[in-house]
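The file upload38.cif contains mmCIF, C-alpha atoms and all ligand atoms:
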data_entry
#
loop_
_atom_site.label_atom_id
_atom_site.label_comp_id
_atom_site.auth_asym_id
_atom_site.auth_seq_id
_atom_site.Cartn_x
_atom_site.Cartn_y
_atom_site.Cartn_z
CA MET A 14 -19.75 18.06 46.05
CA GLU A 15 -18.31 20.49 43.55
CA GLY A 16 -20.79 22.41 41.47
CA PHE A 17 -20.78 23.95 38.02
CA THR A 18 -20.62 27.61 37.06
CA LEU A 19 -23.41 29.16 35.01
CA GLU A 20 -20.86 29.61 32.19
CA GLN A 21 -20.00 25.91 32.25
CA LEU A 22 -23.68 25.01 32.20
CA GLY A 23 -24.26 27.32 29.24
CA LEU A 24 -26.71 29.42 31.25
CA ALA A 25 -24.74 32.66 31.51
CA SER A 26 -25.88 34.05 28.16
CA LEU A 27 -29.52 32.95 28.44
CA ALA A 28 -32.42 35.23 29.31
CA LEU A 29 -33.53 33.36 32.42
CA PRO A 30 -36.98 33.90 33.96
CA PRO A 31 -37.13 35.03 37.59
CA LEU A 32 -36.88 32.35 40.27
CA ASN A 33 -39.80 32.26 42.64
CA GLY A 34 -39.97 30.81 46.11
CA SER A 35 -36.99 30.17 48.28
CA GLY A 36 -34.32 27.82 47.08
CA GLU A 37 -35.22 27.49 43.40
CA ALA A 38 -32.35 27.14 40.93
CA PHE A 39 -31.60 26.57 37.27
CA GLY A 40 -30.04 23.35 36.10
CA ARG A 41 -29.14 21.27 33.06
CA ILE A 42 -30.63 17.80 32.59
CA ALA A 43 -27.71 15.37 32.41
CA GLU A 44 -29.50 12.04 32.33
CA GLN A 45 -32.98 10.65 32.09
CA GLY A 46 -33.66 7.68 34.34
CA LYS A 47 -36.77 5.58 34.51
CA ASP A 48 -38.64 7.85 36.91
CA SER A 49 -36.26 10.68 37.60
CA TYR A 50 -33.69 12.99 36.04
CA ARG A 51 -30.09 13.79 36.95
CA VAL A 52 -29.58 17.55 37.07
CA PHE A 53 -26.28 19.51 36.99
CA TRP A 54 -26.41 22.88 38.74
CA GLU A 55 -24.38 25.39 40.69
CA ASN A 56 -24.19 23.30 43.84
CA GLY A 57 -23.41 20.00 42.17
CA GLU A 58 -25.65 17.27 40.80
CA GLY A 59 -28.80 15.66 42.06
CA GLN A 60 -31.92 13.72 41.16
CA ALA A 61 -35.21 15.41 40.43
CA ILE A 62 -38.71 14.53 39.26
CA VAL A 63 -41.25 16.72 37.49
CA SER A 64 -43.67 18.51 39.82
CA GLY A 65 -47.31 17.42 39.98
CA LYS A 66 -48.33 20.72 38.41
CA PHE A 67 -45.92 20.20 35.51
CA ARG A 68 -47.23 16.69 34.88
CA HIS A 69 -50.81 17.90 35.07
CA GLU A 70 -50.30 20.75 32.64
CA ALA A 71 -48.20 18.95 30.02
CA THR A 72 -50.18 18.33 26.83
CA SER A 73 -47.63 16.15 25.05
CA SER A 74 -44.79 13.84 26.03
CA SER A 75 -42.30 15.99 24.11
CA GLN A 76 -42.76 18.71 26.74
CA PHE A 77 -41.17 16.56 29.45
CA PRO A 78 -37.50 17.20 30.21
CA ALA A 79 -34.89 15.69 27.92
CA VAL A 80 -31.11 15.48 28.24
CA GLY A 81 -29.72 18.96 27.55
CA ASP A 82 -32.81 20.80 28.74
CA VAL A 83 -32.46 23.85 30.97
CA VAL A 84 -34.89 23.61 33.89
CA ARG A 85 -36.10 25.71 36.79
CA PHE A 86 -36.28 23.39 39.78
CA LEU A 87 -36.33 23.12 43.54
CA PRO A 88 -33.33 20.99 44.54
CA GLY A 89 -34.15 18.17 46.94
CA THR A 90 -32.83 18.08 50.47
CA GLN A 91 -33.91 14.61 51.56
CA GLY A 92 -35.48 13.07 48.44
CA PRO A 93 -35.43 14.09 44.79
CA GLY A 94 -35.86 17.71 43.74
CA SER A 95 -38.87 19.06 41.87
CA ILE A 96 -38.70 20.26 38.24
CA ARG A 97 -41.12 23.12 37.72
CA GLU A 98 -40.34 24.42 34.25
CA VAL A 99 -38.48 23.44 31.08
CA LEU A 100 -37.11 26.62 29.52
CA PRO A 101 -37.76 27.25 25.81
CA ARG A 102 -35.53 25.03 23.67
CA ARG A 103 -33.13 26.38 21.08
CA SER A 104 -33.28 23.09 19.20
CA VAL A 105 -34.72 19.68 19.83
CA LEU A 106 -34.18 16.18 18.53
CA LEU A 107 -37.42 14.21 18.54
CA ARG A 108 -38.41 10.63 18.09
CA ARG A 109 -41.69 8.83 17.90
CA ALA A 110 -42.45 7.23 21.23
CA ALA A 111 -42.92 3.47 21.12
CA GLY A 112 -46.47 2.13 21.07
CA ARG A 113 -49.61 3.23 19.32
CA SER A 114 -49.81 6.78 20.62
CA HIS A 115 -47.50 8.15 17.86
CA GLN A 116 -46.50 10.77 20.38
CA GLU A 117 -43.23 12.52 19.97
CA GLN A 118 -40.55 12.32 22.61
CA ALA A 119 -37.69 14.76 22.99
CA ILE A 120 -34.43 12.82 23.11
CA ALA A 121 -32.00 15.75 23.36
CA ALA A 122 -32.52 19.49 23.61
CA ASN A 123 -30.48 22.63 22.98
CA LEU A 124 -27.77 20.93 20.93
CA ASP A 125 -25.38 23.30 19.17
CA VAL A 126 -23.84 20.55 17.08
CA LEU A 127 -24.76 16.94 16.34
CA PHE A 128 -21.79 14.78 15.34
CA LEU A 129 -23.06 12.15 12.91
CA CYS A 130 -20.63 9.28 13.35
CA MET A 131 -20.17 6.58 10.75
CA SER A 132 -17.28 4.17 10.64
CA LEU A 133 -15.31 3.80 7.45
CA ASN A 134 -15.63 0.02 7.42
CA GLN A 135 -18.83 -2.10 7.32
CA ASP A 136 -21.00 0.63 8.84
CA TYR A 137 -20.39 3.09 5.99
CA ASN A 138 -23.73 3.94 4.35
CA PRO A 139 -24.31 7.16 2.36
CA ARG A 140 -28.11 6.71 2.33
CA ARG A 141 -28.28 6.50 6.12
CA LEU A 142 -26.14 9.62 6.32
CA GLU A 143 -28.51 11.52 4.01
CA ARG A 144 -31.33 10.59 6.34
CA ALA A 145 -29.45 11.69 9.44
CA LEU A 146 -28.45 14.98 7.78
CA SER A 147 -32.07 15.70 6.85
CA ILE A 148 -33.26 15.08 10.39
CA THR A 149 -30.48 17.17 11.92
CA TRP A 150 -31.09 20.19 9.68
CA ALA A 151 -34.83 19.86 10.26
CA SER A 152 -34.25 19.85 14.01
CA GLY A 153 -32.46 23.20 13.86
CA ILE A 154 -29.06 21.70 14.70
CA GLN A 155 -25.73 22.07 12.88
CA PRO A 156 -24.63 18.61 11.65
CA VAL A 157 -20.95 17.63 11.51
CA VAL A 158 -19.98 14.32 9.96
CA ILE A 159 -17.31 12.14 11.56
CA LEU A 160 -15.93 9.17 9.65
CA THR A 161 -14.38 6.96 12.32
CA LYS A 162 -11.74 4.21 12.38
CA ALA A 163 -9.69 5.73 9.59
CA ASP A 164 -6.81 3.45 10.69
CA LEU A 165 -8.77 0.37 9.60
CA CYS A 166 -9.51 1.55 6.08
CA PRO A 167 -6.57 3.43 4.57
CA THR A 168 -7.39 2.27 1.05
CA TRP A 169 -11.06 3.34 1.08
CA LEU A 170 -10.44 6.55 2.91
CA PRO A 171 -9.86 9.00 0.02
CA LYS A 172 -12.82 7.82 -2.07
CA ARG A 173 -15.23 7.62 0.85
CA MET A 174 -14.08 10.97 2.18
CA GLU A 175 -14.74 12.57 -1.20
CA GLU A 176 -18.16 10.94 -1.53
CA THR A 177 -19.14 12.00 1.99
CA GLN A 178 -17.99 15.58 1.45
CA HIS A 179 -20.13 15.71 -1.66
CA LEU A 180 -23.28 14.53 0.06
CA ALA A 181 -22.70 16.45 3.30
CA GLY A 182 -23.03 19.78 1.49
CA GLU A 183 -22.50 22.62 3.97
CA ALA A 184 -21.70 20.25 6.87
CA ASP A 185 -18.04 19.72 7.80
CA VAL A 186 -16.62 16.22 7.37
CA TYR A 187 -13.70 14.81 9.38
CA ALA A 188 -11.98 11.45 9.18
CA ILE A 189 -10.56 10.43 12.53
CA SER A 190 -8.93 7.53 14.31
CA CYS A 191 -8.88 7.13 18.05
CA LEU A 192 -5.51 5.44 17.69
CA GLU A 193 -4.16 8.76 16.41
CA PRO A 194 -5.46 11.28 18.97
CA GLU A 195 -4.21 14.26 16.95
CA THR A 196 -6.94 13.51 14.38
CA LEU A 197 -9.50 14.46 17.05
CA GLU A 198 -8.14 17.97 17.36
CA SER A 199 -10.20 19.00 14.33
CA LEU A 200 -13.40 18.41 16.35
CA ARG A 201 -12.38 20.98 18.94
CA ARG A 202 -13.39 23.94 16.81
CA HIS A 203 -17.01 22.89 17.40
CA LEU A 204 -16.58 22.65 21.18
CA GLY A 205 -16.35 25.46 23.72
CA LYS A 206 -17.40 26.64 27.16
CA GLY A 207 -21.17 26.42 27.60
CA ARG A 208 -21.66 24.73 24.24
CA LEU A 209 -23.53 21.46 23.93
CA VAL A 210 -22.71 18.75 21.39
CA ALA A 211 -23.95 15.18 20.97
CA PHE A 212 -22.65 12.09 19.21
CA ILE A 213 -24.97 9.80 17.30
CA GLY A 214 -24.37 6.80 15.07
CA SER A 215 -24.62 3.01 14.94
CA SER A 216 -23.47 1.06 17.93
CA GLY A 217 -19.78 0.22 17.77
CA VAL A 218 -18.58 3.10 15.57
CA GLY A 219 -16.56 4.61 18.42
CA LYS A 220 -18.72 7.37 19.93
CA SER A 221 -17.90 6.51 23.55
CA THR A 222 -14.22 6.15 22.68
CA ILE A 223 -14.20 9.70 21.28
CA ILE A 224 -15.90 11.11 24.40
CA ASN A 225 -13.40 9.26 26.61
CA GLN A 226 -10.58 10.91 24.70
CA LEU A 227 -12.20 14.33 25.12
CA LEU A 228 -12.67 13.60 28.84
CA GLY A 229 -9.06 12.52 29.10
CA GLU A 230 -10.05 9.37 31.00
CA ASP A 231 -11.97 6.13 30.41
CA ARG A 232 -15.23 7.13 32.06
CA LEU A 233 -17.48 5.47 29.47
CA ASP A 234 -17.61 1.76 28.74
CA THR A 235 -16.57 0.80 25.24
CA ALA A 236 -17.10 -2.54 23.55
CA GLU A 237 -14.52 -4.74 21.96
CA ILE A 238 -15.51 -5.01 18.32
CA ARG A 239 -16.94 -8.34 17.15
CA LYS A 240 -15.46 -10.28 14.26
CA ASP A 241 -18.35 -9.43 11.93
CA GLY A 242 -17.57 -5.74 12.27
CA LYS A 243 -20.69 -4.98 14.27
CA GLY A 244 -20.46 -3.36 17.67
CA ARG A 245 -21.99 -4.49 20.91
CA HIS A 246 -24.27 -2.25 22.96
CA THR A 247 -22.59 -0.77 25.98
CA THR A 248 -24.13 2.66 26.44
CA THR A 249 -27.60 2.09 27.84
CA ALA A 250 -28.87 5.63 28.17
CA ARG A 251 -28.23 9.09 26.86
CA GLN A 252 -25.88 10.87 29.18
CA LEU A 253 -24.40 14.35 29.34
CA PHE A 254 -20.76 14.88 30.36
CA MET A 255 -18.97 18.05 31.36
CA LEU A 256 -15.74 18.15 29.33
CA PRO A 257 -12.48 19.42 30.84
CA ASP A 258 -10.53 22.46 29.59
CA ASP A 259 -13.71 24.51 29.07
CA ALA A 260 -14.63 22.36 26.08
CA GLY A 261 -18.33 22.43 26.98
CA MET A 262 -20.76 19.56 27.36
CA ALA A 263 -21.12 16.36 25.32
CA ILE A 264 -23.93 13.82 25.13
CA ASP A 265 -23.38 10.16 24.33
CA THR A 266 -26.29 8.27 22.79
CA PRO A 267 -26.68 4.52 22.48
CA GLY A 268 -27.47 4.20 18.76
CA ILE A 269 -28.76 5.57 15.48
CA ARG A 270 -32.24 4.24 16.20
CA GLU A 271 -32.53 7.32 18.37
CA LEU A 272 -33.30 9.28 15.24
CA GLY A 273 -37.00 9.13 14.58
CA MET A 274 -39.34 10.91 12.26
CA TRP A 275 -39.55 14.63 12.20
CA ASP A 276 -41.71 17.34 10.75
CA ALA A 277 -39.83 20.12 9.05
CA PRO A 278 -39.69 19.81 5.28
CA GLY A 279 -36.67 22.13 5.09
CA GLY A 280 -34.35 19.38 6.30
CA VAL A 281 -34.62 17.25 3.19
CA GLY A 282 -34.25 20.26 0.90
CA ARG A 283 -31.14 21.41 2.69
CA THR A 284 -29.54 17.96 2.40
CA PHE A 285 -30.36 17.65 -1.29
CA GLU A 286 -29.71 21.16 -2.56
CA ASP A 287 -28.31 19.74 -5.83
CA ILE A 288 -31.65 18.05 -6.55
CA GLU A 289 -33.76 21.04 -5.54
CA GLU A 290 -31.67 23.21 -7.87
CA LEU A 291 -32.09 20.77 -10.75
CA ALA A 292 -35.86 20.71 -10.21
CA LEU A 293 -35.95 24.49 -10.70
CA GLN A 294 -34.74 23.89 -14.25
CA CYS A 295 -37.66 21.63 -15.22
CA ARG A 296 -39.85 23.17 -17.92
CA PHE A 297 -42.98 22.98 -15.75
CA SER A 298 -42.91 24.40 -12.24
CA ASP A 299 -45.19 21.60 -11.01
CA CYS A 300 -43.15 18.87 -12.76
CA ARG A 301 -43.50 15.52 -10.99
CA HIS A 302 -40.31 14.29 -12.69
CA GLN A 303 -42.08 11.33 -14.25
CA ASN A 304 -42.83 11.66 -17.98
CA GLU A 305 -43.13 15.40 -18.38
CA PRO A 306 -41.23 16.92 -21.32
CA GLY A 307 -38.25 19.09 -20.42
CA CYS A 308 -37.67 17.41 -17.04
CA ALA A 309 -34.22 18.36 -15.74
CA ILE A 310 -34.19 15.53 -13.20
CA LYS A 311 -34.83 12.87 -15.86
CA ARG A 312 -32.11 14.41 -17.99
CA ALA A 313 -29.61 14.44 -15.12
CA LEU A 314 -30.40 10.82 -14.27
CA LYS A 315 -29.89 9.84 -17.91
CA ASN A 316 -26.57 11.62 -18.38
CA GLY A 317 -25.21 10.48 -15.03
CA GLN A 318 -25.07 13.93 -13.43
CA LEU A 319 -27.48 12.66 -10.75
CA GLU A 320 -26.95 9.26 -9.19
CA GLU A 321 -30.06 7.06 -9.28
CA GLU A 322 -29.57 5.96 -5.64
CA ARG A 323 -29.36 9.53 -4.42
CA TRP A 324 -32.54 10.41 -6.31
CA LEU A 325 -34.42 7.44 -4.80
CA SER A 326 -33.10 8.35 -1.36
CA TYR A 327 -34.42 11.91 -1.82
CA CYS A 328 -37.86 10.64 -2.91
CA LYS A 329 -38.10 8.28 0.05
CA LEU A 330 -37.11 10.91 2.62
CA GLN A 331 -39.40 13.50 1.06
CA GLU A 332 -42.27 11.04 1.28
CA GLU A 333 -41.48 10.23 4.92
CA SER A 334 -41.23 13.90 5.77
CA ASP A 335 -44.57 14.63 4.08
CA PHE A 336 -46.16 11.77 5.98
CA ALA A 337 -44.74 13.01 9.28
CA ALA A 338 -46.05 16.50 8.56
CA TYR A 339 -49.47 15.05 7.79
CA SER A 340 -49.65 12.87 10.90
CA ASN A 341 -48.29 15.61 13.17
CA HIS A 342 -50.97 17.93 11.86
CA HIS A 343 -53.59 15.26 12.49
CA ARG A 344 -52.28 14.59 16.00
CA ALA A 345 -52.11 18.28 16.89
CA ALA A 346 -55.79 18.54 15.97
CA GLN A 347 -56.56 15.53 18.17
CA GLU A 348 -54.63 17.04 21.07
CA ARG A 349 -56.47 20.35 20.74
CA LYS A 350 -59.77 18.47 20.82
CA PHE A 351 -58.64 16.50 23.84
CA SER A 352 -57.52 19.52 25.88
CA LEU A 353 -60.68 21.38 24.92
CA ASN A 354 -62.81 18.49 26.17
CA ALA A 355 -60.74 18.24 29.34
CA LYS A 356 -61.23 21.98 29.91
CA LYS A 357 -65.00 21.65 29.38
CA ALA A 358 -65.09 18.77 31.86
CA ARG A 359 -63.12 20.82 34.42
CA ASP A 360 -65.31 23.87 33.90
CA SER A 361 -68.52 21.88 34.30
CA LYS A 362 -67.27 20.53 37.64
CA ARG A 363 -66.56 24.02 38.92
CA PRO A 364 -69.24 25.26 41.32
CA SER A 365 -71.23 28.07 39.72
CA PRO A 366 -70.75 31.47 41.41
N1 LIG B 401 -9.34 0.49 15.16
C1 LIG B 401 -10.09 1.38 15.79
N2 LIG B 401 -10.97 0.96 16.72
C2 LIG B 401 -11.73 1.87 17.35
C3 LIG B 401 -11.66 3.25 17.03
N3 LIG B 401 -12.56 3.90 17.80
C4 LIG B 401 -13.17 2.96 18.55
N4 LIG B 401 -12.68 1.72 18.29
C5 LIG B 401 -13.10 0.46 18.91
O1 LIG B 401 -14.42 0.16 18.50
C6 LIG B 401 -15.14 -0.46 19.56
C7 LIG B 401 -16.44 0.25 19.81
O2 LIG B 401 -16.19 1.55 20.31
P1 LIG B 401 -17.24 2.33 21.21
O3 LIG B 401 -16.62 3.63 21.55
O4 LIG B 401 -17.72 1.49 22.32
O5 LIG B 401 -18.42 2.54 20.16
P2 LIG B 401 -19.88 3.19 20.40
O6 LIG B 401 -20.84 2.05 20.49
O7 LIG B 401 -20.13 4.01 19.18
O8 LIG B 401 -19.82 4.00 21.65
C8 LIG B 401 -14.21 -0.47 20.77
O9 LIG B 401 -13.62 -1.73 20.88
C9 LIG B 401 -13.18 0.59 20.41
O10 LIG B 401 -11.93 0.32 21.00
C10 LIG B 401 -10.71 3.66 16.04
O11 LIG B 401 -10.56 4.84 15.69
N5 LIG B 401 -9.95 2.68 15.46
MG MG B 402 -21.04 3.73 23.34
ZN ZN B 403 -38.92 17.41 -13.61
#

Using structure tokens, write down the structure that the file contains.
Amino acid sequence: MEGFTLEQLGLASLALPPLNGSGEAFGRIAEQGKDSYRVFWENGEGQAIVSGKFRHEATSSSQFPAVGDVVRFLPGTQGPGSIREVLPRRSVLLRRAAGRSHQEQAIAANLDVLFLCMSLNQDYNPRRLERALSITWASGIQPVVILTKADLCPTWLPKRMEETQHLAGEADVYAISCLEPETLESLRRHLGKGRLVAFIGSSGVGKSTIINQLLGEDRLDTAEIRKDGKGRHTTTARQLFMLPDDAGMAIDTPGIRELGMWDAPGGVGRTFEDIEELALQCRFSDCRHQNEPGCAIKRALKNGQLEEERWLSYCKLQEESDFAAYSNHHRAAQERKFSLNAKKARDSKRPSP
């Protein structure tokens, strides 16, 4: 099997820890299965599971490997290999794990760019985009907005493009159509050897079609669109692909529901810089923008400078972000208590010298 170079894997420029023991290697997590992970490395690709020590020492589910993670592992010879360490992440996209635990799960790590895909037809939703932008900035990842299926909506294109550019702020916005492959060339400036990008967006907007075009072959299943404009699920798991022509690595994700709550208040502020700037002009620095005199937000809402929907969207996301910060804080305290108790229990079992 053909392997990957350290440059292709994006490992050449990293400060890697020493490898210990014979046969250890570094790899990139390409897929997360039910009980094991697919790892790309210098000798090819293989399955691996986390070592017993790793499992024992992990204090939260977000520490387990995610697609995009760089790992130190012992490749398997007969069975699966053994993952011993997840190297520090440059960025991470988290979601709340299902169930009552409220634990966070890493869904993709070390992304350089997250392409937020939204189709120009029925899927188009500025409020959802504001949410995705906030989460992406908060996760330490550069967002890039892709408006897909431009061929289907020539009449709406200019207006929606303008609106999206306005709300995307510093993030680049591209309108593309997979029927006109030259429109995809604009995405290439964000790709490159060793770089890692991911595509996220509602099912059916064309994420897998874009990756197929970048791959130059139909490796990913795509769904025929239904009459009601909604897509059908075809991608079942997050998967990392090595792109040809030194274009780096790309991750396909099944749907927007991947994006969960986050805890980094900066993300909302960065998405709504216009609002944060307005708020600085309120007469009182602790203005709650309700009935205070000299409120710049109220004034902007009244004279139409600030759209009511955008303001409500900001308030909602700010509230969610505050809540996430609060519950993360609460959970971190719980986890500290738990590991302290576990340590006490271990210590008490130790034979006294
Ligand atoms: N008209 C048009 N259809 C597209 C375009 N991109 C994708 N599609 C179609 O939309 C459907 C869903 O695409 P897919 O890539 O599976 O979406 P995903 O769920 O986001 O991965 C497929 O039938 C594609 O052929 C496009 O630019 N224009
Ligand atoms: Mg897909
Ligand atoms: Zn105010």

What is the CA of Thr235 (chain A) to CA of Phe17 (chain A) distance in Å?
->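 Pair CA of Thr235 (chain A) / CA of Phe17 (chain A) returns 26.8 Å.
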
Of A:Leu319, A:Val63, A:Ile310, A:Leu233, the one nearest to ligand ZN 403 (chain B) when counting all atoms listed in the file is A:Ile310

For the atom pair CA of Arg68 (chain A) and CA of Ala263 (chain A), what is the interatomic distance in Å to one decimal place?
->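 Between CA of Arg68 (chain A) and CA of Ala263 (chain A) the gap works out to 27.8 Å.
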
Nearest candidate to Gly214 (chain A) (options A:Asp299, A:Asp265, A:Glu175, A:Glu44; using all atoms listed in the file) =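 That would be A:Asp265, the residue with the smallest distance to Gly214 (chain A).
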
Around all of ligand LIG 401 (chain B)'s listed atoms, make the axis-aligned box with 4 Å on each side and tell me centre and edge lengths in Å to one decimal, as lines of an AutoDock Vina configuration file.
center_x = -15.1
center_y = 1.6
center_z = 18.7
size_x = 19.5
size_y = 14.6
size_z = 15.2

List the neighbours of Phe39 (chain A) out to 12 Å using all atoms listed in the file; skip same-chain residues closer than 2 positions along the sequence, and give me the result as a VMD selection string.
-> chain A and resid 17 to 19 22 to 25 27 to 33 36 to 37 41 to 42 52 to 58 82 to 88 94 to 100

Using only C-alpha atoms and all ligand atoms, which residue out of A:Glu290, A:Glu332, A:Glu320, A:Asp125 lies closest to ligand ZN 403 (chain B)?
->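 Comparing A:Glu290, A:Glu332, A:Glu320, A:Asp125 against ligand ZN 403 (chain B), the winner is A:Glu290.
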
Tell me which protein, DNA and RNA residues are within 9 Å of Glu20 (chain A), counting all atoms listed in the file, leaving out same-chain ones fewer than 5 positions away, and put them as a PyMOL selection string.
-> chain A and resi 25-26+206-207

Atom completion result for region 201-226 of chain A (N, CA and C atoms) as a PDB file, keeping the file's coordinate frame:
ATOM      1  N   ARG A 201     -12.357  19.984  17.859  1.00  0.00           N
ATOM      2  CA  ARG A 201     -12.380  20.980  18.940  1.00  0.00           C
ATOM      3  C   ARG A 201     -12.943  22.328  18.520  1.00  0.00           C
ATOM      4  N   ARG A 202     -12.863  22.632  17.228  1.00  0.00           N
ATOM      5  CA  ARG A 202     -13.390  23.940  16.810  1.00  0.00           C
ATOM      6  C   ARG A 202     -14.902  24.030  17.007  1.00  0.00           C
ATOM      7  N   HIS A 203     -15.562  22.871  17.179  1.00  0.00           N
ATOM      8  CA  HIS A 203     -17.010  22.890  17.400  1.00  0.00           C
ATOM      9  C   HIS A 203     -17.365  22.854  18.888  1.00  0.00           C
ATOM     10  N   LEU A 204     -16.345  22.724  19.735  1.00  0.00           N
ATOM     11  CA  LEU A 204     -16.580  22.650  21.180  1.00  0.00           C
ATOM     12  C   LEU A 204     -16.308  24.015  21.788  1.00  0.00           C
ATOM     13  N   GLY A 205     -16.649  24.191  23.048  1.00  0.00           N
ATOM     14  CA  GLY A 205     -16.350  25.460  23.720  1.00  0.00           C
ATOM     15  C   GLY A 205     -17.192  25.596  24.971  1.00  0.00           C
ATOM     16  N   LYS A 206     -16.731  26.445  25.867  1.00  0.00           N
ATOM     17  CA  LYS A 206     -17.400  26.640  27.160  1.00  0.00           C
ATOM     18  C   LYS A 206     -18.886  26.948  26.981  1.00  0.00           C
ATOM     19  N   GLY A 207     -19.726  26.183  27.657  1.00  0.00           N
ATOM     20  CA  GLY A 207     -21.170  26.420  27.600  1.00  0.00           C
ATOM     21  C   GLY A 207     -21.847  25.840  26.363  1.00  0.00           C
ATOM     22  N   ARG A 208     -21.051  25.326  25.444  1.00  0.00           N
ATOM     23  CA  ARG A 208     -21.660  24.730  24.240  1.00  0.00           C
ATOM     24  C   ARG A 208     -22.038  23.283  24.497  1.00  0.00           C
ATOM     25  N   LEU A 209     -23.038  22.817  23.737  1.00  0.00           N
ATOM     26  CA  LEU A 209     -23.530  21.460  23.930  1.00  0.00           C
ATOM     27  C   LEU A 209     -23.498  20.694  22.609  1.00  0.00           C
ATOM     28  N   VAL A 210     -22.788  19.586  22.597  1.00  0.00           N
ATOM     29  CA  VAL A 210     -22.710  18.750  21.390  1.00  0.00           C
ATOM     30  C   VAL A 210     -23.178  17.343  21.739  1.00  0.00           C
ATOM     31  N   ALA A 211     -23.569  16.573  20.737  1.00  0.00           N
ATOM     32  CA  ALA A 211     -23.950  15.180  20.970  1.00  0.00           C
ATOM     33  C   ALA A 211     -23.374  14.315  19.858  1.00  0.00           C
ATOM     34  N   PHE A 212     -23.189  13.051  20.174  1.00  0.00           N
ATOM     35  CA  PHE A 212     -22.650  12.090  19.210  1.00  0.00           C
ATOM     36  C   PHE A 212     -23.721  11.051  18.928  1.00  0.00           C
ATOM     37  N   ILE A 213     -23.975  10.796  17.652  1.00  0.00           N
ATOM     38  CA  ILE A 213     -24.970   9.800  17.300  1.00  0.00           C
ATOM     39  C   ILE A 213     -24.415   8.935  16.169  1.00  0.00           C
ATOM     40  N   GLY A 214     -24.861   7.710  16.092  1.00  0.00           N
ATOM     41  CA  GLY A 214     -24.370   6.800  15.070  1.00  0.00           C
ATOM     42  C   GLY A 214     -24.589   5.370  15.506  1.00  0.00           C
ATOM     43  N   SER A 215     -24.394   4.414  14.596  1.00  0.00           N
ATOM     44  CA  SER A 215     -24.620   3.010  14.940  1.00  0.00           C
ATOM     45  C   SER A 215     -23.767   2.614  16.134  1.00  0.00           C
ATOM     46  N   SER A 216     -24.228   1.592  16.809  1.00  0.00           N
ATOM     47  CA  SER A 216     -23.470   1.060  17.930  1.00  0.00           C
ATOM     48  C   SER A 216     -22.137   0.502  17.416  1.00  0.00           C
ATOM     49  N   GLY A 217     -21.076   0.784  18.128  1.00  0.00           N
ATOM     50  CA  GLY A 217     -19.780   0.220  17.770  1.00  0.00           C
ATOM     51  C   GLY A 217     -18.907   1.087  16.874  1.00  0.00           C
ATOM     52  N   VAL A 218     -19.396   2.268  16.469  1.00  0.00           N
ATOM     53  CA  VAL A 218     -18.580   3.100  15.570  1.00  0.00           C
ATOM     54  C   VAL A 218     -17.510   3.898  16.312  1.00  0.00           C
ATOM     55  N   GLY A 219     -17.622   3.954  17.648  1.00  0.00           N
ATOM     56  CA  GLY A 219     -16.560   4.610  18.420  1.00  0.00           C
ATOM     57  C   GLY A 219     -16.966   5.907  19.106  1.00  0.00           C
ATOM     58  N   LYS A 220     -18.252   6.128  19.298  1.00  0.00           N
ATOM     59  CA  LYS A 220     -18.720   7.370  19.930  1.00  0.00           C
ATOM     60  C   LYS A 220     -18.190   7.503  21.359  1.00  0.00           C
ATOM     61  N   SER A 221     -18.340   6.434  22.149  1.00  0.00           N
ATOM     62  CA  SER A 221     -17.900   6.510  23.550  1.00  0.00           C
ATOM     63  C   SER A 221     -16.384   6.643  23.633  1.00  0.00           C
ATOM     64  N   THR A 222     -15.684   6.030  22.699  1.00  0.00           N
ATOM     65  CA  THR A 222     -14.220   6.150  22.680  1.00  0.00           C
ATOM     66  C   THR A 222     -13.805   7.597  22.441  1.00  0.00           C
ATOM     67  N   ILE A 223     -14.515   8.285  21.549  1.00  0.00           N
ATOM     68  CA  ILE A 223     -14.200   9.700  21.280  1.00  0.00           C
ATOM     69  C   ILE A 223     -14.439  10.531  22.541  1.00  0.00           C
ATOM     70  N   ILE A 224     -15.593  10.311  23.197  1.00  0.00           N
ATOM     71  CA  ILE A 224     -15.900  11.110  24.400  1.00  0.00           C
ATOM     72  C   ILE A 224     -14.871  10.826  25.490  1.00  0.00           C
ATOM     73  N   ASN A 225     -14.451   9.578  25.638  1.00  0.00           N
ATOM     74  CA  ASN A 225     -13.400   9.260  26.610  1.00  0.00           C
ATOM     75  C   ASN A 225     -12.130  10.055  26.315  1.00  0.00           C
ATOM     76  N   GLN A 226     -11.798  10.167  25.043  1.00  0.00           N
ATOM     77  CA  GLN A 226     -10.580  10.910  24.700  1.00  0.00           C
ATOM     78  C   GLN A 226     -10.744  12.394  25.015  1.00  0.00           C
TER      79      GLN A 226
END
